[in-house]
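The structure appears below as structure tokens.
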Amino acid sequence: MTTPAARSVLAVHGNGGGAFRFARLVPHVQPALRFEAVTLPGFAQVPADPALQTLQDYAARLHERVLALPRPRVLLGHGIGGSIALEYGQHYAEALDGMILHAPVGARLDQRLFPRLMKLPGMRTAGQRVFASRLTRPLMRRLLFDEPVPADYAHQFFEEYRHCTVFGQMFDLITAPWFNGLAPIDTPTILLWGAEERVLKVEQAEAFLRLLPQGSLEIVPGWGHFPMVEHPKAYARYIDELAWRLIKGSSAAERSV
């Protein structure tokens with residue numbers, strides 16, 4: 001069995017960073033996969049857009065990039081990128097042939113410690129500074145990465161937190177009431193989780209599956225929160241495989257209608 005001649009994947013980053021988070025996997029992408037990573041306004045070094053005040057606004061801006069890609073199309077969201085992908089699916093599901101939500105944010109926000117801390121006065125600024133500070137960088141590398149990461153890559157990875165101007169805004173937009181108000185999304189979707197994930201526990205996947213009638217869960221042994229950084233070659237191949245599976249499933253569903 002052969003893979004489709006061409007397929008598109010648009011990747012959306014998590015909080016603080018941008019498209020650079022997917023940079024290490026790009027050299028390993030197969031020729032038939034058109035892989036693009038977007039940096040949304042306000043993240044990394046991209047200037048913020050004051051017009052973007054809701055998650056729906058971010059989804060609408062993302063829609064412009066999605067439509068520029070040829071079909072079949074798969075949207076990949078990591079962390080809060082997965083949250084934005086969920087919001088995107090509320091409004092533009094017909095533009096997609098599948099979604100990959102990699103450890104998305106949204107479940108248990110009123111229970112998890114980090115989101116609760118970010119509600120306290122001054123904590124968002126302090127938290128962002130901790131991620132960006134050169135003094136705390138050795139500690140943050142140990143907390144976020146399980147495998148060695150090249151020093152030049154790690155430097156830019158953490159520097160992007162320093163320049164992100166919407167880090168705090170995301171805690172105002174991605175909330176428990178937002179998540180509880182989401183409608184089911186009838187798009188073929190794969191929830192992707194690393195078995196060694198420490199940032200967002202895999203137990204949260206159940207809450208997302210309730211929103212995804214055509215969803216399934218993939219847990220990868222040995223992966224933490226940033227396999228696109230730590231295991232770029234394996235991540236590139238796996239994303240391509242998942243995209244192909246979603247596209248095949250979407251095509252089969254269309255033929256059965």
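So you can find residues: chains in the structure tokens are A, B, ... in the order shown, residues in each start at 1, and ligands are numbered from 1 in order.
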task = Using only C-alpha atoms, determine which residues lie at most 12 Å from Leu40 in chain A, disregarding the query and same-chain residues fewer than 3 positions distant; provide the list as a VMD selection string.
result = chain A and resid 11 to 20 37 43 to 49 52 55 57 to 65 80 to 81 84 164 to 167
request  = List every residue of range 62-247 of chain A that DSSP, applied to the backbone, labels as strand (DSSP E or B), and write the result as a list in words.
outcome  = Arg73, Val74, Leu75, Leu76, Gly77, His78, Gly98, Met99, Ile100, Leu101, His102, Gly106, Arg108, Thr189, Ile190, Leu191, Leu192, Trp193, Gly194, Gly215, Ser216, Leu217, Glu218, Ile219 and Val220 of chain A
Could the residues of range 11-122 of chain A that have an atom at most 9 Å from range 196-215 of chain A be listed as a tab-separated table, each with its closest atom pair and the distance in Å to one decimal, counting only C-alpha atoms and ordered by chain and ascending residue number?
```
residue	atom	partner	partner_atom	distance
A:Gly79	CA	A:Leu200	CA	8.4
A:Ala103	CA	A:Leu200	CA	6.3
A:Pro104	CA	A:Leu200	CA	7.9
A:Val105	CA	A:Leu200	CA	7.6
A:Gly106	CA	A:Phe208	CA	8.3
A:Ala107	CA	A:Gln204	CA	5.9
A:Arg108	CA	A:Gln204	CA	7.3
```
key: For Arg73 in chain A: contacts at 12 Å, only C-alpha atoms, fewer than 3 positions along chain excluded, given as a PyMOL selection string   = chain A and resi 4+6-11+33-36+63+65-70+76+93-100+187-188+240+243-244+246-248+250-251
message = So that I can check the surroundings of range 147-156 of chain A, please list as a ChimeraX atom specification every protein, DNA and RNA residue that reaches within 7 Å of it, counting only C-alpha atoms and ignoring chain neighbours fewer than 3 positions away.
response = /A:159-160,230
query = DSSP says helix (DSSP H, G or I) for which residues of range 101-182 of chain A? Put them as JSON, numbers by chain?
reply = {"A": [113, 114, 115, 116, 117, 123, 124, 125, 126, 127, 128, 129, 130, 131, 132, 137, 138, 139, 140, 141, 142, 143, 144, 151, 152, 153, 154, 155, 156, 157, 158, 159, 160, 161, 162, 163, 169, 170, 171, 172, 173, 176, 177, 178, 179, 180]}
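CA of Ala23 in chain A is positioned 11.6 Å from CA of Tyr235 in chain A.
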Contacts of Leu191 in chain A at 6 Å or less, counting only C-alpha atoms, minus same-chain residues fewer than 4 places along, as a PDB file with all heavy atoms, in the first residue's frame?
```pdb
ATOM      1  N   ILE A 100      -4.436  16.582  14.357  1.00  0.00           N
ATOM      2  CA  ILE A 100      -3.583  15.908  15.336  1.00  0.00           C
ATOM      3  C   ILE A 100      -3.425  16.874  16.505  1.00  0.00           C
ATOM      4  O   ILE A 100      -2.867  17.968  16.341  1.00  0.00           O
ATOM      5  CB  ILE A 100      -2.207  15.548  14.756  1.00  0.00           C
ATOM      6  CG1 ILE A 100      -2.350  14.640  13.535  1.00  0.00           C
ATOM      7  CG2 ILE A 100      -1.338  14.878  15.819  1.00  0.00           C
ATOM      8  CD1 ILE A 100      -1.054  14.422  12.767  1.00  0.00           C
ATOM      9  N   LEU A 101      -3.942  16.506  17.641  1.00  0.00           N
ATOM     10  CA  LEU A 101      -3.849  17.337  18.834  1.00  0.00           C
ATOM     11  C   LEU A 101      -2.816  16.711  19.770  1.00  0.00           C
ATOM     12  O   LEU A 101      -3.055  15.660  20.358  1.00  0.00           O
ATOM     13  CB  LEU A 101      -5.206  17.444  19.529  1.00  0.00           C
ATOM     14  CG  LEU A 101      -6.365  17.939  18.657  1.00  0.00           C
ATOM     15  CD1 LEU A 101      -7.654  18.005  19.480  1.00  0.00           C
ATOM     16  CD2 LEU A 101      -6.054  19.291  18.049  1.00  0.00           C
ATOM     17  N   HIS A 102      -1.665  17.346  19.858  1.00  0.00           N
ATOM     18  CA  HIS A 102      -0.560  16.811  20.635  1.00  0.00           C
ATOM     19  C   HIS A 102      -0.549  17.467  22.015  1.00  0.00           C
ATOM     20  O   HIS A 102      -0.213  18.644  22.148  1.00  0.00           O
ATOM     21  CB  HIS A 102       0.758  17.063  19.900  1.00  0.00           C
ATOM     22  CG  HIS A 102       1.951  16.513  20.609  1.00  0.00           C
ATOM     23  ND1 HIS A 102       3.213  16.546  20.092  1.00  0.00           N
ATOM     24  CD2 HIS A 102       2.086  15.894  21.819  1.00  0.00           C
ATOM     25  CE1 HIS A 102       4.063  16.007  20.931  1.00  0.00           C
ATOM     26  NE2 HIS A 102       3.400  15.603  21.989  1.00  0.00           N
ATOM     27  N   LEU A 217      -6.741   7.852  20.499  1.00  0.00           N
ATOM     28  CA  LEU A 217      -5.594   8.247  21.308  1.00  0.00           C
ATOM     29  C   LEU A 217      -4.378   7.413  20.943  1.00  0.00           C
ATOM     30  O   LEU A 217      -4.445   6.186  20.854  1.00  0.00           O
ATOM     31  CB  LEU A 217      -5.919   8.067  22.798  1.00  0.00           C
ATOM     32  CG  LEU A 217      -4.783   8.311  23.795  1.00  0.00           C
ATOM     33  CD1 LEU A 217      -4.284   9.742  23.732  1.00  0.00           C
ATOM     34  CD2 LEU A 217      -5.240   7.946  25.209  1.00  0.00           C
TER      35      LEU A 217
END
```
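The space separating CA of Arg24 in chain A from CA of Phe131 in chain A comes to 20.2 Å.
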ask   = Smallest atom-to-atom distance to Thr189 in chain A: which of A:Glu218, A:Leu139, A:His163, A:Leu25, using only C-alpha atoms?
value = A:Glu218
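Note that CA of Leu192 in chain A and CA of His78 in chain A are 9.1 Å apart.
In terms of minimum interatomic distance to Gly122 in chain A, A:Gly168 ranks closest within A:Asp110, A:Pro227, A:Gly168, A:Phe158, counting only C-alpha atoms.
Remark: for Leu109 in chain A, the closest of the candidate residues A:Pro41, A:Pro177, A:Pro31, A:Pro221 is A:Pro177 (distances computed over only C-alpha atoms).
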